[in-house]
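Participant: Structure file structure.csv (CSV, C-alpha atoms) right here:
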```csv
chain,number,residue,atom,x,y,z
G,1202,MET,CA,-13.7,8.1,-12.1
G,1203,THR,CA,-12.2,10.6,-14.6
G,1204,ASN,CA,-8.6,10.9,-15.9
G,1205,GLN,CA,-8.3,14.0,-13.7
G,1206,ASN,CA,-9.1,12.0,-10.6
G,1207,LEU,CA,-6.5,9.5,-11.6
G,1208,ILE,CA,-3.8,12.1,-12.4
G,1209,HIS,CA,-4.3,13.8,-9.0
G,1210,TYR,CA,-4.1,10.4,-7.3
G,1211,ILE,CA,-0.9,9.6,-9.1
G,1212,HIS,CA,0.7,12.9,-8.1
G,1213,GLY,CA,-0.4,12.4,-4.5
G,1214,ILE,CA,1.6,9.2,-4.3
G,1215,ALA,CA,4.5,10.3,-6.5
G,1216,ASP,CA,5.1,13.7,-4.9
G,1217,ASN,CA,5.9,12.0,-1.6
G,1218,SER,CA,8.6,10.0,-3.3
G,1219,MET,CA,9.9,13.0,-5.3
G,1220,ILE,CA,10.2,15.4,-2.4
G,1221,LEU,CA,11.7,12.8,0.0
G,1222,GLY,CA,14.1,11.7,-2.7
G,1223,GLN,CA,15.1,15.3,-3.3
G,1224,ARG,CA,15.5,15.8,0.5
G,1225,ILE,CA,17.8,12.8,1.0
G,1226,SER,CA,19.8,13.6,-2.1
G,1227,GLU,CA,20.8,16.8,-0.4
G,1228,LEU,CA,22.9,14.5,1.8
G,1229,CYS,CA,25.0,13.2,-1.1
G,1230,GLY,CA,28.5,13.7,0.0
G,1231,HIS,CA,27.4,14.9,3.4
G,1232,GLY,CA,26.4,11.7,5.1
G,1233,PRO,CA,27.7,11.0,8.6
G,1234,ASN,CA,30.0,8.3,7.2
G,1235,LEU,CA,30.6,6.7,3.8
G,1236,GLU,CA,28.2,3.7,4.2
G,1237,THR,CA,25.2,5.8,5.3
G,1238,ASP,CA,26.0,8.4,2.7
G,1239,ILE,CA,25.9,5.7,0.0
G,1240,ALA,CA,22.8,4.1,1.5
G,1241,LEU,CA,20.8,7.3,1.6
G,1242,THR,CA,21.7,8.3,-1.9
G,1243,ASN,CA,20.7,4.8,-3.1
G,1244,ILE,CA,17.4,5.2,-1.3
G,1245,ALA,CA,17.0,8.7,-3.0
G,1246,LEU,CA,17.7,7.0,-6.3
G,1247,ASP,CA,15.1,4.3,-5.8
G,1248,LEU,CA,12.5,7.0,-4.8
G,1249,LEU,CA,13.4,9.1,-7.8
G,1250,GLY,CA,13.1,6.0,-10.1
G,1251,GLN,CA,9.6,5.2,-8.7
G,1252,THR,CA,8.6,8.8,-9.1
G,1253,ARG,CA,9.5,8.8,-12.8
G,1254,SER,CA,7.3,5.7,-13.5
G,1255,TYR,CA,4.3,7.4,-11.8
G,1256,TYR,CA,4.9,10.8,-13.4
G,1257,GLN,CA,5.3,9.3,-16.8
G,1258,TYR,CA,2.0,7.4,-16.4
G,1259,GLY,CA,0.3,10.6,-15.3
G,1260,ALA,CA,1.8,12.5,-18.2
G,1261,ASP,CA,0.5,9.8,-20.6
G,1262,LEU,CA,-3.0,10.3,-19.2
G,1263,SER,CA,-2.9,14.1,-19.5
G,1264,PRO,CA,-4.7,15.7,-22.5
G,1265,LYS,CA,-1.7,18.0,-22.9
G,1266,ASP,CA,1.5,16.9,-24.7
G,1267,ILE,CA,3.8,16.7,-21.6
G,1268,THR,CA,6.4,14.4,-20.2
G,1269,GLU,CA,7.5,13.4,-16.7
G,1270,ASP,CA,9.9,16.3,-16.7
G,1271,ASP,CA,7.1,18.9,-17.0
G,1272,VAL,CA,5.3,17.3,-14.1
G,1273,ALA,CA,8.4,17.5,-11.9
G,1274,PHE,CA,9.9,20.8,-12.9
G,1275,LEU,CA,7.0,23.0,-13.9
G,1276,ARG,CA,4.5,22.6,-11.2
G,1277,THR,CA,4.2,25.2,-8.5
G,1278,GLU,CA,4.2,24.7,-4.7
G,1279,ARG,CA,0.4,24.6,-4.5
G,1280,GLU,CA,0.3,21.9,-7.2
G,1281,TYR,CA,2.5,19.6,-5.2
G,1282,LYS,CA,0.4,17.3,-3.0
G,1283,ASN,CA,3.1,15.6,-0.9
G,1284,VAL,CA,2.5,15.2,2.9
G,1285,LEU,CA,4.3,17.7,5.2
G,1286,LEU,CA,6.4,14.9,6.7
G,1287,VAL,CA,8.6,14.4,3.6
G,1288,GLU,CA,9.5,18.1,3.2
G,1289,GLN,CA,10.8,18.5,6.8
G,1290,PRO,CA,14.5,19.5,6.8
G,1291,ASN,CA,17.6,17.2,7.5
G,1292,THR,CA,18.1,18.8,10.9
G,1293,ASP,CA,20.5,16.1,12.0
G,1294,PHE,CA,21.0,12.4,11.3
G,1295,ALA,CA,18.3,11.4,13.9
G,1296,TYR,CA,15.7,13.5,12.0
G,1297,VAL,CA,16.8,12.0,8.7
G,1298,ILE,CA,16.4,8.4,10.1
G,1299,VAL,CA,13.1,9.1,12.0
G,1300,ARG,CA,11.5,10.9,9.0
G,1301,GLN,CA,12.6,8.0,6.8
G,1302,TYR,CA,11.3,5.3,9.1
G,1303,PHE,CA,8.0,7.1,9.6
G,1304,PHE,CA,7.6,7.3,5.8
G,1305,ASP,CA,9.0,3.8,5.0
G,1306,VAL,CA,6.5,2.0,7.2
G,1307,PHE,CA,3.6,3.8,5.5
G,1308,HIS,CA,5.1,3.4,2.1
G,1309,TYR,CA,5.5,-0.3,2.5
G,1310,LEU,CA,1.9,-0.8,3.7
G,1311,LEU,CA,0.6,1.4,0.9
G,1312,LEU,CA,2.5,-0.5,-1.8
G,1313,LYS,CA,1.4,-3.9,-0.4
G,1314,GLU,CA,-2.2,-2.8,-1.1
G,1315,LEU,CA,-1.5,-1.0,-4.3
G,1316,GLU,CA,-0.1,-4.1,-5.9
G,1317,LYS,CA,-3.6,-5.5,-5.7
G,1318,SER,CA,-5.0,-2.6,-7.7
G,1319,LYS,CA,-7.2,-3.2,-10.6
G,1320,ASN,CA,-5.0,-0.9,-12.6
G,1321,VAL,CA,-2.1,-2.7,-14.3
G,1322,ASN,CA,0.2,0.3,-14.2
G,1323,PHE,CA,-0.2,0.7,-10.5
G,1324,GLN,CA,0.3,-3.1,-10.0
G,1325,ALA,CA,3.5,-3.0,-12.0
G,1326,ILE,CA,5.0,0.1,-10.2
G,1327,ALA,CA,3.9,-1.2,-6.8
G,1328,LYS,CA,5.4,-4.7,-7.3
G,1329,LYS,CA,8.7,-3.2,-8.4
G,1330,SER,CA,8.8,-0.6,-5.7
G,1331,LEU,CA,7.9,-2.9,-2.9
G,1332,LYS,CA,11.1,-4.9,-3.3
G,1333,GLU,CA,13.1,-1.7,-2.9
G,1334,VAL,CA,11.1,-0.2,-0.1
G,1335,SER,CA,11.5,-3.4,2.0
G,1336,TYR,CA,15.2,-2.5,2.0
G,1337,HIS,CA,14.5,1.1,2.9
G,1338,LYS,CA,12.4,0.1,5.9
G,1339,ARG,CA,15.0,-2.3,7.1
G,1340,PHE,CA,17.7,0.3,6.8
G,1341,SER,CA,15.8,3.1,8.6
G,1342,GLY,CA,14.4,0.7,11.2
G,1343,ASP,CA,17.8,-0.8,12.0
G,1344,TRP,CA,19.3,2.7,12.4
G,1345,LEU,CA,16.5,3.9,14.6
G,1346,LYS,CA,17.0,0.9,16.9
G,1347,ARG,CA,20.7,1.7,17.0
G,1348,LEU,CA,20.1,5.4,17.8
G,1349,GLY,CA,17.4,4.7,20.4
G,1350,ASP,CA,19.3,1.9,22.0
G,1351,GLY,CA,22.7,3.5,21.6
G,1352,THR,CA,24.4,6.2,23.7
G,1353,GLU,CA,22.7,8.7,25.9
G,1354,VAL,CA,23.3,11.4,23.3
G,1355,SER,CA,21.9,9.3,20.4
G,1356,LYS,CA,18.9,8.4,22.4
G,1357,GLN,CA,18.2,12.0,23.3
G,1358,LYS,CA,18.5,13.1,19.7
G,1359,ALA,CA,16.4,10.2,18.4
G,1360,GLN,CA,13.7,11.1,21.0
G,1361,GLN,CA,13.8,14.8,20.0
G,1362,ALA,CA,13.3,13.8,16.3
G,1363,VAL,CA,10.4,11.4,17.2
G,1364,ASP,CA,8.7,14.1,19.3
G,1365,ASP,CA,9.0,16.7,16.5
G,1366,LEU,CA,8.1,14.5,13.6
G,1367,TRP,CA,5.3,12.6,15.2
G,1368,VAL,CA,2.7,15.4,14.5
G,1369,PHE,CA,3.2,14.8,10.8
G,1370,THR,CA,2.3,11.1,10.8
G,1371,ASP,CA,-1.5,11.4,10.9
G,1372,GLU,CA,-1.6,13.2,7.5
G,1373,LEU,CA,-0.3,10.0,5.8
G,1374,PHE,CA,-3.8,8.5,6.3
G,1375,HIS,CA,-5.9,11.5,5.1
G,1376,MET,CA,-7.9,11.0,2.0
G,1377,THR,CA,-8.6,13.7,-0.6
G,1378,LYS,CA,-11.8,13.5,-2.7
G,1379,ASP,CA,-9.7,12.2,-5.6
G,1380,ASP,CA,-8.1,9.6,-3.4
G,1381,GLN,CA,-11.6,8.4,-2.4
G,1382,VAL,CA,-12.9,8.3,-5.9
G,1383,VAL,CA,-9.9,6.3,-7.2
G,1384,ALA,CA,-10.0,4.0,-4.1
G,1385,ASP,CA,-13.7,3.3,-4.6
G,1386,ALA,CA,-13.0,2.4,-8.2
G,1387,GLY,CA,-10.6,-0.3,-7.0
G,1388,PHE,CA,-7.6,1.5,-8.6
G,1389,GLY,CA,-6.3,3.2,-5.5
G,1390,VAL,CA,-5.8,2.5,-1.8
G,1391,ASP,CA,-7.9,3.7,1.1
G,1392,ASN,CA,-5.1,5.0,3.3
G,1393,SER,CA,-7.2,5.2,6.4
G,1394,THR,CA,-7.3,1.3,6.4
G,1395,LEU,CA,-3.5,1.3,6.9
G,1396,LYS,CA,-3.5,3.4,10.0
G,1397,PHE,CA,-3.9,0.6,12.6
G,1398,GLU,CA,-1.1,-1.5,11.3
G,1399,TYR,CA,1.1,1.5,10.9
G,1400,TYR,CA,0.9,2.7,14.4
G,1401,ALA,CA,1.2,-0.8,15.8
G,1402,THR,CA,4.4,-1.3,13.8
G,1403,VAL,CA,5.9,2.0,14.6
G,1404,LYS,CA,5.0,2.0,18.3
G,1405,ASN,CA,6.4,-1.6,18.6
G,1406,LEU,CA,9.8,-0.4,17.4
G,1407,LEU,CA,9.8,2.6,19.6
G,1408,ARG,CA,9.1,0.4,22.6
G,1409,GLU,CA,11.8,-2.0,21.6
G,1410,CYS,CA,14.5,0.6,21.7
G,1411,GLU,CA,12.9,2.3,24.7
G,1412,LEU,CA,11.9,5.6,23.1
G,1413,GLN,CA,8.8,7.4,24.4
G,1414,ILE,CA,5.7,7.4,22.3
G,1415,PRO,CA,4.6,11.0,22.0
G,1416,GLU,CA,1.2,11.9,23.2
G,1417,VAL,CA,-0.3,14.6,21.0
G,1418,GLU,CA,-3.8,15.6,20.3
G,1419,TYR,CA,-3.2,17.9,17.4
G,1420,PHE,CA,-1.6,16.7,14.2
G,1421,GLN,CA,-0.3,18.9,11.4
G,1422,LYS,CA,-1.9,18.7,8.0
G,1423,GLY,CA,-2.1,20.6,4.7
G,1424,GLY,CA,0.4,19.1,2.3
G,1425,LYS,CA,-2.1,16.8,0.6
G,1426,LYS,CA,-4.1,19.9,-0.2
G,1427,GLY,CA,-1.1,21.8,-1.5
G,1428,ILE,CA,-0.7,24.0,1.7
G,1429,HIS,CA,2.9,23.4,2.6
G,1430,SER,CA,5.4,24.4,5.3
G,1431,GLU,CA,7.9,27.1,4.7
G,1432,HIS,CA,10.5,24.5,3.7
G,1433,MET,CA,8.8,23.5,0.5
G,1434,GLY,CA,9.6,26.7,-1.5
G,1435,TYR,CA,13.3,26.2,-0.9
G,1436,ILE,CA,13.2,22.6,-2.0
G,1437,LEU,CA,11.4,23.5,-5.3
G,1438,SER,CA,13.6,26.5,-6.0
G,1439,GLU,CA,16.6,24.3,-5.9
G,1440,MET,CA,15.1,21.3,-7.7
G,1441,GLN,CA,13.5,23.4,-10.5
G,1442,PHE,CA,16.3,25.9,-10.9
G,1443,MET,CA,17.5,24.7,-14.3
G,1444,GLN,CA,14.1,24.4,-16.0
G,1445,ARG,CA,13.0,27.8,-14.6
G,1446,THR,CA,16.2,29.5,-15.7
G,1447,TYR,CA,16.7,27.8,-19.0
G,1448,PRO,CA,13.2,26.8,-20.1
G,1449,ASP,CA,12.9,23.6,-22.2
G,1450,MET,CA,16.6,22.8,-21.7
G,1451,LYS,CA,17.5,19.1,-22.3
G,1452,TRP,CA,20.5,17.0,-21.3
K,497,MET,CA,16.2,-16.8,-16.8
K,498,THR,CA,12.6,-18.0,-17.1
K,499,GLU,CA,10.9,-19.6,-20.0
K,500,ASP,CA,8.8,-16.6,-20.8
K,501,VAL,CA,11.8,-14.8,-22.3
K,502,HIS,CA,11.7,-14.7,-26.1
K,503,ILE,CA,14.8,-13.8,-27.8
K,504,GLU,CA,15.2,-14.7,-31.5
K,505,ALA,CA,18.2,-16.8,-32.1
K,506,GLU,CA,20.0,-14.5,-34.6
K,507,LEU,CA,19.7,-11.6,-32.1
K,508,PHE,CA,20.9,-13.6,-29.1
K,509,SER,CA,24.6,-13.4,-29.7
K,510,ILE,CA,24.4,-9.6,-30.5
K,511,LEU,CA,22.6,-8.9,-27.3
K,512,LYS,CA,24.9,-11.2,-25.4
K,513,SER,CA,27.8,-9.0,-26.4
K,514,VAL,CA,26.3,-5.9,-24.7
K,515,PRO,CA,27.8,-5.6,-21.2
K,516,ASP,CA,26.2,-4.1,-18.1
K,517,PRO,CA,27.7,-0.6,-17.9
K,518,GLU,CA,28.3,-0.8,-14.1
K,519,ILE,CA,29.4,-4.5,-14.0
K,520,PRO,CA,31.1,-4.9,-17.4
K,521,VAL,CA,31.9,-8.6,-16.8
K,522,LEU,CA,28.2,-9.3,-16.9
K,523,SER,CA,26.3,-9.4,-20.2
K,524,ILE,CA,22.8,-7.9,-20.1
K,525,ILE,CA,21.5,-11.4,-21.1
K,526,ASP,CA,23.2,-13.0,-18.1
K,527,LEU,CA,21.8,-10.2,-15.9
K,528,GLY,CA,18.3,-11.1,-17.1
K,529,VAL,CA,17.2,-7.6,-18.0
K,530,VAL,CA,16.4,-8.4,-21.7
K,531,ARG,CA,12.8,-9.8,-21.7
K,532,SER,CA,12.2,-10.2,-25.4
K,533,ALA,CA,13.7,-9.5,-28.8
K,534,TYR,CA,11.7,-9.8,-32.0
K,535,LEU,CA,12.6,-9.3,-35.6
K,536,ARG,CA,10.2,-7.8,-38.1
K,537,GLY,CA,12.1,-7.5,-41.4
K,538,LYS,CA,15.0,-5.2,-40.4
K,539,GLU,CA,13.2,-3.8,-37.4
K,540,VAL,CA,14.1,-5.2,-34.0
K,541,PHE,CA,11.8,-4.8,-31.0
K,542,VAL,CA,13.6,-5.2,-27.6
K,543,GLU,CA,12.0,-5.1,-24.2
K,544,ILE,CA,14.2,-4.5,-21.2
K,545,THR,CA,13.3,-4.3,-17.5
K,546,PRO,CA,15.2,-2.3,-14.8
K,547,THR,CA,16.9,-4.1,-11.9
K,548,TYR,CA,15.9,-1.2,-9.7
K,549,SER,CA,13.4,1.6,-10.5
K,550,GLY,CA,16.1,4.3,-10.3
K,551,CYS,CA,18.8,2.3,-12.0
K,552,PRO,CA,20.8,4.9,-13.9
K,553,ALA,CA,22.3,2.2,-16.2
K,554,MET,CA,19.0,1.6,-18.0
K,555,ASP,CA,19.4,4.6,-20.4
K,556,VAL,CA,22.9,3.5,-21.2
K,557,ILE,CA,21.8,-0.1,-21.7
K,558,GLY,CA,19.1,1.1,-24.1
K,559,ASP,CA,21.6,3.1,-26.1
K,560,ASP,CA,24.2,0.3,-26.1
K,561,ILE,CA,21.6,-2.1,-27.5
K,562,LYS,CA,20.7,0.3,-30.2
K,563,THR,CA,24.3,0.9,-31.2
K,564,GLU,CA,25.1,-2.8,-31.3
K,565,LEU,CA,22.0,-3.6,-33.4
K,566,LYS,CA,22.6,-0.8,-35.8
K,567,LYS,CA,26.1,-2.1,-36.4
K,568,HIS,CA,24.5,-5.3,-37.6
K,569,GLY,CA,22.2,-3.3,-39.9
K,570,TYR,CA,19.1,-3.5,-37.9
K,571,ILE,CA,16.6,-0.8,-37.0
K,572,PRO,CA,16.2,-1.1,-33.2
K,573,LYS,CA,13.2,-0.1,-31.0
K,574,VAL,CA,13.9,-0.4,-27.3
K,575,LYS,CA,11.0,-0.4,-24.8
K,576,LEU,CA,11.3,-0.3,-21.0
K,577,ILE,CA,8.8,-2.5,-19.2
K,578,LEU,CA,8.2,-2.8,-15.4
K,579,SER,CA,6.1,-5.9,-15.2
K,580,PRO,CA,7.0,-8.6,-14.3
K,581,ALA,CA,9.5,-7.0,-11.9
K,582,TRP,CA,13.1,-8.1,-12.3
K,583,THR,CA,14.3,-10.7,-9.8
K,584,THR,CA,17.8,-12.0,-9.2
K,585,ASN,CA,16.5,-15.5,-10.1
K,586,TRP,CA,16.7,-14.3,-13.7
K,587,MET,CA,20.4,-14.1,-13.5
K,588,THR,CA,22.1,-17.0,-15.3
K,589,GLU,CA,24.6,-19.4,-13.6
K,590,GLU,CA,27.2,-18.1,-16.1
K,591,GLY,CA,26.4,-14.6,-14.9
K,592,LYS,CA,26.8,-15.6,-11.2
K,593,GLN,CA,30.1,-17.2,-11.9
K,594,ALA,CA,31.3,-14.0,-13.8
K,595,LEU,CA,30.3,-11.9,-10.7
K,596,ARG,CA,32.3,-14.2,-8.4
K,597,ASP,CA,35.4,-14.0,-10.6
K,598,TYR,CA,35.0,-10.3,-10.7
K,599,GLY,CA,35.0,-10.1,-6.8
K,600,ILE,CA,31.3,-9.6,-6.2
K,601,ALA,CA,29.4,-12.2,-4.2
K,602,PRO,CA,26.5,-13.4,-6.3
K,603,PRO,CA,22.9,-13.4,-5.0
K,604,MET,CA,22.0,-16.4,-2.9
K,605,ASP,CA,18.5,-17.8,-2.6
K,606,ALA,CA,15.9,-15.7,-0.7
K,607,THR,CA,16.1,-17.4,2.7
K,608,SER,CA,19.9,-17.3,3.1
K,609,ASP,CA,19.9,-13.7,1.9
K,610,LYS,CA,17.3,-12.7,4.5
K,611,GLU,CA,19.2,-14.4,7.3
K,612,ALA,CA,22.4,-12.8,6.3
K,613,LEU,CA,21.0,-9.3,6.1
K,614,LEU,CA,19.4,-9.8,9.5
K,615,GLY,CA,22.7,-10.8,10.8
K,616,ASN,CA,21.6,-14.2,12.0
K,617,LYS,CA,23.8,-16.3,9.9
K,618,ARG,CA,27.0,-15.6,8.0
K,619,VAL,CA,26.3,-17.4,4.8
K,620,ILE,CA,27.7,-15.0,2.2
K,621,SER,CA,31.0,-16.4,1.1
K,622,CYS,CA,33.9,-14.0,0.5
K,623,PRO,CA,34.5,-13.9,-3.3
K,624,GLN,CA,38.3,-13.5,-2.6
K,625,CYS,CA,39.0,-16.3,-0.2
K,626,GLU,CA,35.7,-18.2,0.0
K,627,SER,CA,35.6,-17.8,3.8
K,628,LYS,CA,32.1,-17.9,5.3
K,629,ASN,CA,33.2,-15.7,8.2
K,630,THR,CA,31.8,-12.5,6.8
K,631,ARG,CA,29.7,-9.7,8.2
K,632,LEU,CA,27.3,-7.1,6.8
K,633,VAL,CA,28.8,-3.6,6.8
K,634,SER,CA,25.9,-1.7,5.0
K,635,GLN,CA,22.7,-2.7,3.3
K,636,PHE,CA,23.6,-0.5,0.4
K,637,GLY,CA,26.9,-0.8,-1.5
K,638,SER,CA,28.3,1.0,-4.5
K,639,THR,CA,25.0,0.7,-6.3
K,640,ALA,CA,21.4,0.1,-5.1
K,641,CYS,CA,21.6,-3.5,-6.2
K,642,LYS,CA,24.5,-4.4,-3.9
K,643,ALA,CA,25.2,-4.6,-0.2
K,644,MET,CA,28.6,-4.2,1.4
K,645,PHE,CA,30.2,-7.0,3.4
K,646,LYS,CA,33.5,-7.5,5.1
K,647,CYS,CA,35.4,-10.8,5.2
K,648,GLU,CA,36.7,-11.4,8.8
K,649,ASP,CA,39.4,-13.7,7.5
K,650,CYS,CA,41.1,-11.9,4.6
K,651,GLU,CA,39.8,-8.6,5.9
K,652,GLU,CA,38.7,-7.4,2.4
K,653,THR,CA,35.4,-5.6,2.0
K,654,PHE,CA,33.4,-6.8,-0.9
K,655,ASP,CA,30.1,-6.2,-2.7
K,656,TYR,CA,27.3,-8.6,-2.4
K,657,PHE,CA,24.7,-8.6,-5.2
K,658,LYS,CA,21.4,-8.4,-3.1
K,659,CYS,CA,18.8,-11.1,-3.6
K,660,LEU,CA,15.6,-9.7,-5.0
K,661,THR,CA,12.7,-12.1,-5.4
```
Reformat the file's structure so that it appears as structure tokens.

Facilitator:
Amino acid sequence: MTNQNLIHYIHGIADNSMILGQRISELCGHGPNLETDIALTNIALDLLGQTRSYYQYGADLSPKDITEDDVAFLRTEREYKNVLLVEQPNTDFAYVIVRQYFFDVFHYLLLKELEKSKNVNFQAIAKKSLKEVSYHKRFSGDWLKRLGDGTEVSKQKAQQAVDDLWVFTDELFHMTKDDQVVADAGFGVDNSTLKFEYYATVKNLLRECELQIPEVEYFQKGGKKGIHSEHMGYILSEMQFMQRTYPDMKW
Amino acid sequence: MTEDVHIEAELFSILKSVPDPEIPVLSIIDLGVVRSAYLRGKEVFVEITPTYSGCPAMDVIGDDIKTELKKHGYIPKVKLILSPAWTTNWMTEEGKQALRDYGIAPPMDATSDKEALLGNKRVISCPQCESKNTRLVSQFGSTACKAMFKCEDCEETFDYFKCLT
């Protein structure tokens, strides 16, 4: 295992949190009510905090003299390795919640394994993040139940979001070459081992609130290889605007 | 706080005087974010740990520690550590009382917290009127470390410092 393998693995995990964090932070001041607005921005903040720990660790491993900010603000779209799920737009509140729940369940299972990593940095970040993600999962799960089991309109909207976002779930369990090398070394997690428990958990909740489990044969993929959907460019152009316009600016 | 916290006696009162920027009634010592403070000549090495990964107060806390130590003629070095992860168990009794007086319900032990958040039992007492007749409004309050509750008796909403173990 080389440092390059490790850096790619770190970015793979961290980019999910970065992009989802950026996505939810778009809702700051635009949440459907004050409580959910605050909750979502708090979740965004947790994700951003976790990202910083990973990026800084990745930057420390890099042969170049860089910081977490370079990793976040100066990489191009192809260099971002987040899954397609997290870059999907905030179409409506149901999409926000379903996207969040689909990610949170995965994130929780991933961190539970990552805290057993042989790498002390991963252990520390995972232990810390796991406490936060338990709350995220509870928040999104509770809301999904409320929407699915709510009014006719909320149910229909929740179902629409589930149907549309389901095709992005399989990619969460894909393994890149770097992922495999780092997992084999006992540092990383073999995501494919999380799949069974993931779908059992998610399907259970969908059944509980009487939402239909979509039947699809084709799943979308590409983000983990840097091939993103059309939404990604817009996210980065907003997120990286300041560094691109005023290079090396600091607070 | 746990026994593995090492803060040298002559630094203790200085650090104790640094308040949490978001909850100013709480000292950073009572919050349990200071994990160690060593003296090497005039140099002071302080290790702090965040309550939550994205806690925006950490930078401010680091700066405040430096300012306070410099005032006393020390040369401070502050380091952020992640492990072991912060838990509400590290909050002192004095800290919990300060929270209560300030109108924030302090963290309860893990079991009661879980029950309360799941809505099974109303065990979080209202910091205003001490009624146990309260309900969860939102799992996230004004900051990531707090949840929002409402008292059904005095009808005030209040923050509850979430239990993290």

Participant: Check every residue of chain K for an atom within 9 Å of chain G, counting all atoms listed in the file, and provide those that qualify as a PyMOL selection string.

Facilitator: chain K and resi 547-552+577-582+633-641+644+660-661

Participant: Using all atoms listed in the file, determine which residues lie at most 12 Å from His502 of chain K, disregarding the query and same-chain residues fewer than 6 positions distant; provide the list as a short mmCIF file (atom, residue, chain, number, x, y, z; two decimals) with C-alpha atoms, in the frame of the given file.

Facilitator:
```
data_model
loop_
_atom_site.label_atom_id
_atom_site.label_comp_id
_atom_site.auth_asym_id
_atom_site.auth_seq_id
_atom_site.Cartn_x
_atom_site.Cartn_y
_atom_site.Cartn_z
CA PHE K 508 20.90 -13.60 -29.10
CA ILE K 525 21.50 -11.40 -21.10
CA GLY K 528 18.30 -11.10 -17.10
CA VAL K 530 16.40 -8.40 -21.70
CA ARG K 531 12.80 -9.80 -21.70
CA SER K 532 12.20 -10.20 -25.40
CA ALA K 533 13.70 -9.50 -28.80
CA TYR K 534 11.70 -9.80 -32.00
CA LEU K 535 12.60 -9.30 -35.60
CA PHE K 541 11.80 -4.80 -31.00
CA VAL K 542 13.60 -5.20 -27.60
CA GLU K 543 12.00 -5.10 -24.20
CA ILE K 544 14.20 -4.50 -21.20
#
```

Participant: Rounded to one decimal place, report the atom CA of Phe654 of chain K-atom CA of Thr1352 of chain G distance in Å.

Facilitator: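 If I compute the distance from atom CA of Phe654 of chain K to atom CA of Thr1352 of chain G, I get 29.2 Å.
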
Participant: At what distance in Å, to one decimal, does atom CA of Glu1372 of chain G lie from atom CA of Ala1260 of chain G?

Facilitator: 25.9 Å

Participant: So that I can see what lies close to Tyr1400 of chain G, please list as an MDAnalysis selection string the residues with an atom at most 10 Å from it, counting all atoms listed in the file and leaving out residues fewer than 5 positions away in the same chain.

Facilitator: chainID G and resid 1303 1306:1307 1370:1371 1395 1405:1406

Participant: Could you state the separation of atom CA of Leu1221 of chain G and atom CA of Glu1288 of chain G in Å, given to one decimal place?

Facilitator: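 One can read the atom CA of Leu1221 of chain G to atom CA of Glu1288 of chain G distance as 6.6 Å.
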
Participant: Pick out the residues sitting within 9 Å of Lys646 of chain K, and hand them over as a list in words; count only C-alpha atoms, and ignore anything fewer than 2 positions along from it in its own chain.

Facilitator: Cys622, Asn629, Thr630, Arg631, Leu632, Val633, Met644, Glu648, Asp649, Cys650, Glu651, Glu652, Thr653, Phe654 and Asp655 of chain K

Participant: Pick the closest to Met1376 of chain G from G:Leu1315, G:Leu1412, G:Ala1215, G:Val1284: which is it, counting only C-alpha atoms?

Facilitator: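 Looking only at the distances to Met1376 of chain G, the closest residue turns out to be G:Val1284.
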
Participant: I need the residue nearest Lys592 of chain K from this list: K:Met604, K:Ser513, K:Arg536, K:Lys575. Use all atoms listed in the file for the distance.

Facilitator: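 Among the listed residues, K:Met604 lies closest to Lys592 of chain K.
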
Participant: Write out as a ChimeraX atom specification which residues come within 12 Å of segment 1354-1364 of chain G when counting all atoms listed in the file, dropping same-chain ones fewer than 6 positions away.

Facilitator: /G:1286,1289-1303,1344-1348,1370,1403-1404,1406-1408,1410-1417,1420

Participant: Smallest atom-to-atom distance to Phe657 of chain K: which of K:Val540, K:Ala643, K:Leu507, K:Val619, using only C-alpha atoms?

Facilitator: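 Residue with the minimum atom-to-atom distance to Phe657 of chain K: K:Ala643.
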
Participant: Need the neighbours of (12.4, 15.5, -20.1): which residues are at most 9 Å away, counting all atoms listed in the file, as a list in words?

Facilitator: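 Collected hits near the coordinates: Ile1267, Thr1268, Glu1269, Asp1270, Asp1271, Asp1449, Met1450, Lys1451 and Trp1452 of chain G.
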
Participant: When you count all atoms listed in the file, which of these residues is closest to Ala1386 of chain G: G:His1209, G:Leu1331, G:Thr1402, G:Asn1320?

Facilitator: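 Residue with the minimum atom-to-atom distance to Ala1386 of chain G: G:Asn1320.
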
Participant: Residues near Gln1223 of chain G, anyone? I mean within 9 Å using all atoms listed in the file, not counting same-chain ones fewer than 3 positions away, as JSON, numbers by chain.

Facilitator: {"G": [1218, 1219, 1220, 1226, 1227, 1245, 1248, 1249, 1436, 1440]}
